[in-house]
Amino acid sequence: MRTSVATVSLSGSLTEKLTAASRAGFDGVEIFENDLLASPLRPEEIRVRCADLGLGIDLYQPMRDIEAVPEEEFARNLRRARHKFEVMRRLGADTVLVCSSVSPLAVDDDALAAEQLSRLADLAQDFGFRVAYEALAWGRHVSTYDHAWRVVEMADHPALGTCLDSFHILSRGSDPKGIEDIPGEKIFFLQLADAPLLAMDVLQWSRHYRCFPGQGGFDVAGLVRHVLRAGYGGPLSLEVFNDVFRQAEAGPTAVDAHRSLLVLQEAVGLAELPAPVVPTGVAFAELVTPDAEPVSEVLGALGFARTARHRSKPVDLWQAGEARVLVNTGPAARRDGTGLAAIGLESPDPAGAARRAEALLAPVLPRRRASEDAPLDAVAAPDGTQLFFCATGRPELPEWRGDFADVEQAGPAVPGVRRIDHLALVQPWHHFDEATLFHRSVLGLSAQESVDVADPYGLLRSRAVAAADGGVRIALSVGAAPADDTVHAQHIALATDDVVAAARRFREAGGPLLAMPANYYDDLAARFEFAEGELETYRELGILYDRDRYGEFRHCYTRTVGRVFFELVQRDGGYQGYGAQNAPVRLAAQHAARRLTGG
């Protein structure tokens, strides 16, 4: 089906929005009236610009407060509509969106509303146009899609149909099954938006918190299935009001938007994409640093050994158990210290994973490599982290470790760390929802509910994505304001069977553990019962504790090196979480440590 996006969904000038929509692969746009009014281009020029970009103008919107008003007011509305239709003729649009009235002049009279909408449709028909009537969730008298359809049906005019909007329908809890009773030819347009499930005024919810399908909590795919069963054949169009999207760059937002429609079409059977290839584990985490010594000291204290060096690049391989960390001191290293730049994901089918990524607008990254290097495919996550699709230890596929030559070890790896348990990635503040959709759709990971974590200087929003078996876990987080991106560091969590022993070894090797406030352990004593001496051990080593219905979680943290720190974790009995209950204490401790060190 055709795909479209309302210009209000993107930031920038109208020409910037049109260019972004075209480059992202959309077939058409809805021209939001405010964007037209603010544009220096005349309607005829915008029409030509859209044609040059390969975009159709699928809708002009919105026309407000038209129906069920006193006759003298309606006469003024018809005069206004005539002027708008003249603009549409110059623009090349043939369908106008009319929202249900919120005017205090409107009366609760369906017959009058139908009669006046029919007269509006007469005028539109004279221009060769159609009127799509939409129920606003906060409409004064018409606020549900079925009520809007009854008014349209009563008017019985060929140029009058209805516009269905997933937000207005689902935010009110309306049952979308009734959509199937509307003749498909009378559904003139379909607007789509998702949203997080919030308890708030629906108007504020709509104006600030909409997001693209797959990023919120609505069953947008289920609604689209009902619309398709009704016989609708028009565009799938996105209309998203979102404060973050309005401030983000239009190009990446448009790509994110189009990706959401590709995934939606796959979900409802309108498109066939390469199947998701869910990663089964973490092959490596790659740190980029201008100075390898500080992070090498921490890795050594954690029990890692430097086992190999890349044959043609300044990259060392450190290993402990099945956990592998690459330390890259190449020219791409950031001046502000060590950062997590890439993740190697174990993939059952690396080529299939790359095909899936490219189909969802995440092209394989161009890479400079020597002729003898393994041909690994990598794509970029929304935060810029490179994701490599690996097949470690599978002789029938390229082996990335073949690019490394063994080195004489400074000492053997110390038993304790088994593998990488999870990775925590801080997202740019305007890419958080995009990151969730990316990891779900491109990588096939499942997303948990978003949580807000209290930080001493605001809120930290976090959402975990994971494979069903827990082989891959990634915690995505973002601060409440743009400046927070520089405050919160990324981290690598390392699984161990005995976090107490691992923490002691790390400290005895000279590793700096993050100290926790004594008040935290006083609270633990009130919340849980521990064996004699257990809580004192946790207090001594800075170990945090959590428990869910599946099991227990013990974890502690290293000091931050550059923009990265490590976490030692022990999961017992099938614990599923990440210790979110403890995050505020950890964040406060990190802020305190940063003040002490001046970092």
# chains A, B, ... in the order shown; residues from 1 in each chain; ligands from 1
>>> select_by_dssp(residues="segment 234-398 of chain A", states="strand (DSSP E or B)", output="PyMOL selection string")
chain A and resi 236-238+242+281-288+305-310+315-320+323-328+339-346+377-380+386-390
>>> write_last_selection(atoms="N, CA and C atoms", output="compact mmCIF listing (two decimals), in the first residue's frame")
# COMPACT_ATOMS: atom_id res chain seq x y z
N LEU A 236 -1.58 4.26 3.99
CA LEU A 236 -1.29 4.19 5.42
C LEU A 236 -0.50 5.44 5.75
N SER A 237 -1.09 6.33 6.54
CA SER A 237 -0.46 7.62 6.77
C SER A 237 -0.22 7.86 8.25
N LEU A 238 0.91 8.45 8.55
CA LEU A 238 1.31 8.74 9.92
C LEU A 238 1.00 10.19 10.27
N ASN A 242 4.55 15.06 18.54
CA ASN A 242 5.51 14.60 19.54
C ASN A 242 6.55 15.69 19.76
N GLY A 281 23.58 -14.44 21.28
CA GLY A 281 24.56 -14.10 22.30
C GLY A 281 25.38 -12.92 21.88
N VAL A 282 26.29 -12.53 22.76
CA VAL A 282 27.19 -11.40 22.49
C VAL A 282 28.58 -11.97 22.19
N ALA A 283 29.05 -11.75 20.96
CA ALA A 283 30.38 -12.22 20.58
C ALA A 283 31.47 -11.35 21.19
N PHE A 284 31.25 -10.04 21.20
CA PHE A 284 32.23 -9.12 21.79
C PHE A 284 31.59 -7.76 22.01
N ALA A 285 32.21 -6.98 22.86
CA ALA A 285 31.92 -5.54 23.00
C ALA A 285 33.21 -4.81 22.69
N GLU A 286 33.14 -3.80 21.84
CA GLU A 286 34.34 -3.08 21.41
C GLU A 286 34.38 -1.70 22.04
N LEU A 287 35.45 -1.44 22.76
CA LEU A 287 35.70 -0.13 23.36
C LEU A 287 36.70 0.63 22.51
N VAL A 288 36.42 1.89 22.27
CA VAL A 288 37.34 2.76 21.55
C VAL A 288 37.89 3.76 22.55
N ALA A 305 42.25 -11.54 30.37
CA ALA A 305 43.62 -11.62 29.87
C ALA A 305 43.65 -11.14 28.42
N ARG A 306 44.70 -10.42 28.06
CA ARG A 306 44.87 -10.00 26.66
C ARG A 306 45.37 -11.20 25.87
N THR A 307 44.54 -11.72 24.99
CA THR A 307 44.85 -12.98 24.31
C THR A 307 45.27 -12.82 22.86
N ALA A 308 44.91 -11.70 22.21
CA ALA A 308 45.21 -11.59 20.78
C ALA A 308 45.22 -10.12 20.37
N ARG A 309 45.84 -9.86 19.22
CA ARG A 309 45.87 -8.51 18.65
C ARG A 309 45.52 -8.60 17.17
N HIS A 310 44.75 -7.62 16.70
CA HIS A 310 44.33 -7.60 15.30
C HIS A 310 45.56 -7.51 14.40
N VAL A 315 43.97 -3.01 17.67
CA VAL A 315 42.85 -3.55 18.45
C VAL A 315 43.32 -4.79 19.19
N ASP A 316 43.14 -4.79 20.51
CA ASP A 316 43.49 -5.94 21.34
C ASP A 316 42.23 -6.68 21.76
N LEU A 317 42.34 -8.01 21.85
CA LEU A 317 41.25 -8.85 22.31
C LEU A 317 41.53 -9.31 23.73
N TRP A 318 40.63 -8.95 24.64
CA TRP A 318 40.69 -9.38 26.03
C TRP A 318 39.57 -10.38 26.28
N GLN A 319 39.89 -11.44 27.04
CA GLN A 319 38.89 -12.48 27.21
C GLN A 319 38.89 -13.01 28.65
N ALA A 320 37.67 -13.31 29.13
CA ALA A 320 37.48 -14.00 30.41
C ALA A 320 36.26 -14.89 30.24
N ALA A 323 33.32 -14.12 27.77
CA ALA A 323 33.21 -12.67 27.62
C ALA A 323 34.43 -12.15 26.88
N ARG A 324 34.20 -11.38 25.82
CA ARG A 324 35.30 -10.84 25.02
C ARG A 324 35.11 -9.34 24.88
N VAL A 325 36.18 -8.60 25.12
CA VAL A 325 36.17 -7.15 25.00
C VAL A 325 37.32 -6.75 24.08
N LEU A 326 37.01 -6.00 23.03
CA LEU A 326 38.02 -5.46 22.14
C LEU A 326 38.36 -4.05 22.60
N VAL A 327 39.65 -3.74 22.65
CA VAL A 327 40.11 -2.41 23.02
C VAL A 327 40.80 -1.81 21.79
N ASN A 328 40.17 -0.79 21.23
CA ASN A 328 40.59 -0.19 19.97
C ASN A 328 41.19 1.19 20.25
N GLY A 339 34.87 4.75 25.19
CA GLY A 339 33.44 4.62 24.88
C GLY A 339 33.14 3.29 24.23
N LEU A 340 31.92 2.83 24.39
CA LEU A 340 31.47 1.58 23.77
C LEU A 340 31.03 1.89 22.34
N ALA A 341 31.78 1.41 21.35
CA ALA A 341 31.54 1.79 19.96
C ALA A 341 30.86 0.73 19.14
N ALA A 342 31.03 -0.55 19.51
CA ALA A 342 30.49 -1.63 18.68
C ALA A 342 30.16 -2.84 19.53
N ILE A 343 29.22 -3.63 19.03
CA ILE A 343 28.82 -4.88 19.68
C ILE A 343 28.78 -5.96 18.61
N GLY A 344 29.41 -7.07 18.90
CA GLY A 344 29.30 -8.23 18.03
C GLY A 344 28.19 -9.13 18.53
N LEU A 345 27.21 -9.40 17.70
CA LEU A 345 26.08 -10.24 18.07
C LEU A 345 26.19 -11.60 17.39
N GLU A 346 26.13 -12.66 18.17
CA GLU A 346 26.12 -14.00 17.59
C GLU A 346 24.81 -14.20 16.84
N ASP A 377 29.42 -8.18 8.36
CA ASP A 377 28.46 -7.12 8.08
C ASP A 377 28.11 -6.42 9.38
N ALA A 378 28.00 -5.09 9.31
CA ALA A 378 27.62 -4.31 10.47
C ALA A 378 26.61 -3.25 10.06
N VAL A 379 25.67 -2.95 10.95
CA VAL A 379 24.71 -1.87 10.75
C VAL A 379 24.83 -0.92 11.93
N ALA A 380 24.32 0.28 11.76
CA ALA A 380 24.39 1.28 12.83
C ALA A 380 23.07 1.36 13.55
N GLN A 386 27.85 0.47 16.37
CA GLN A 386 27.90 -0.49 15.28
C GLN A 386 27.54 -1.88 15.80
N LEU A 387 26.67 -2.55 15.08
CA LEU A 387 26.24 -3.90 15.45
C LEU A 387 26.73 -4.87 14.38
N PHE A 388 27.63 -5.76 14.77
CA PHE A 388 28.20 -6.74 13.85
C PHE A 388 27.45 -8.07 14.00
N PHE A 389 27.20 -8.72 12.88
CA PHE A 389 26.56 -10.03 12.89
C PHE A 389 27.65 -11.10 12.76
N CYS A 390 27.83 -11.87 13.82
CA CYS A 390 28.98 -12.78 13.94
C CYS A 390 28.53 -14.25 13.99
>>> residues_around(residues="Arg547 of chain A", least_positions_apart="3", cutoff="10 Å", atoms="only C-alpha atoms", output="PyMOL selection string")
chain A and resi 528+550-554+571-573+575-577+579+581
>>> closest_residue(among="A:Gly269, A:Pro584, A:Pro279, A:Gly173", to="Ile474 of chain A", atoms="only C-alpha atoms")
A:Pro279
>>> select_by_dssp(residues="segment 341-549 of chain A", states="alpha helix (DSSP H)", output="PDB file with C-alpha atoms, in the first residue's frame")
ATOM      1  CA  PRO A 350      24.529 -13.323   9.639  1.00  0.00           C
ATOM      2  CA  ALA A 351      23.629 -12.801   5.975  1.00  0.00           C
ATOM      3  CA  GLY A 352      19.917 -13.107   6.767  1.00  0.00           C
ATOM      4  CA  ALA A 353      20.284 -10.634   9.631  1.00  0.00           C
ATOM      5  CA  ALA A 354      21.917  -8.151   7.243  1.00  0.00           C
ATOM      6  CA  ARG A 355      19.123  -8.612   4.683  1.00  0.00           C
ATOM      7  CA  ARG A 356      16.529  -7.950   7.369  1.00  0.00           C
ATOM      8  CA  ALA A 357      18.363  -4.803   8.467  1.00  0.00           C
ATOM      9  CA  GLU A 358      18.638  -3.429   4.936  1.00  0.00           C
ATOM     10  CA  ALA A 359      14.947  -4.107   4.250  1.00  0.00           C
ATOM     11  CA  PHE A 432      14.951   6.712  22.480  1.00  0.00           C
ATOM     12  CA  ASP A 433      11.679   5.609  20.823  1.00  0.00           C
ATOM     13  CA  GLU A 434      13.502   5.034  17.556  1.00  0.00           C
ATOM     14  CA  ALA A 435      16.023   2.808  19.347  1.00  0.00           C
ATOM     15  CA  THR A 436      13.252   0.676  20.831  1.00  0.00           C
ATOM     16  CA  LEU A 437      11.620   0.137  17.440  1.00  0.00           C
ATOM     17  CA  PHE A 438      15.002  -0.518  15.804  1.00  0.00           C
ATOM     18  CA  HIS A 439      16.033  -3.249  18.248  1.00  0.00           C
ATOM     19  CA  ARG A 440      12.600  -4.853  18.130  1.00  0.00           C
ATOM     20  CA  SER A 441      12.134  -4.809  14.377  1.00  0.00           C
ATOM     21  CA  VAL A 499      29.709 -11.921  42.755  1.00  0.00           C
ATOM     22  CA  VAL A 500      31.216 -11.712  46.240  1.00  0.00           C
ATOM     23  CA  ALA A 501      34.301 -13.682  45.195  1.00  0.00           C
ATOM     24  CA  ALA A 502      34.539 -11.729  41.918  1.00  0.00           C
ATOM     25  CA  ALA A 503      34.295  -8.401  43.737  1.00  0.00           C
ATOM     26  CA  ARG A 504      36.967  -9.420  46.234  1.00  0.00           C
ATOM     27  CA  ARG A 505      39.341 -10.499  43.467  1.00  0.00           C
ATOM     28  CA  PHE A 506      38.752  -7.261  41.616  1.00  0.00           C
ATOM     29  CA  ARG A 507      39.468  -5.169  44.697  1.00  0.00           C
ATOM     30  CA  GLU A 508      42.531  -7.217  45.674  1.00  0.00           C
ATOM     31  CA  ALA A 518      25.327   3.178  54.213  1.00  0.00           C
ATOM     32  CA  ASN A 519      21.663   4.218  54.221  1.00  0.00           C
ATOM     33  CA  TYR A 520      21.028   1.813  51.344  1.00  0.00           C
ATOM     34  CA  TYR A 521      22.074  -1.174  53.452  1.00  0.00           C
ATOM     35  CA  ASP A 522      19.952  -0.008  56.365  1.00  0.00           C
ATOM     36  CA  ASP A 523      16.989  -0.094  54.017  1.00  0.00           C
ATOM     37  CA  LEU A 524      17.957  -3.554  52.710  1.00  0.00           C
ATOM     38  CA  ALA A 525      17.906  -4.847  56.279  1.00  0.00           C
ATOM     39  CA  ALA A 526      14.336  -3.602  56.622  1.00  0.00           C
ATOM     40  CA  ARG A 527      13.162  -5.066  53.325  1.00  0.00           C
ATOM     41  CA  GLU A 534      25.745 -11.473  54.495  1.00  0.00           C
ATOM     42  CA  LEU A 535      24.597  -7.863  54.588  1.00  0.00           C
ATOM     43  CA  GLU A 536      27.891  -6.737  56.121  1.00  0.00           C
ATOM     44  CA  THR A 537      29.725  -8.362  53.203  1.00  0.00           C
ATOM     45  CA  TYR A 538      27.543  -6.511  50.709  1.00  0.00           C
ATOM     46  CA  ARG A 539      28.160  -3.245  52.560  1.00  0.00           C
ATOM     47  CA  GLU A 540      31.923  -3.823  52.525  1.00  0.00           C
ATOM     48  CA  LEU A 541      32.075  -4.501  48.786  1.00  0.00           C
TER      49      LEU A 541
END
>>> residues_around(residues="segment 112-123 of chain A", least_positions_apart="2", cutoff="10 Å", atoms="only C-alpha atoms", output="VMD selection string")
chain A and resid 66 to 71 74 to 75 77 to 78 81 to 82 85 98 100 to 101 106 to 110 125 to 133 142 148 150 to 161
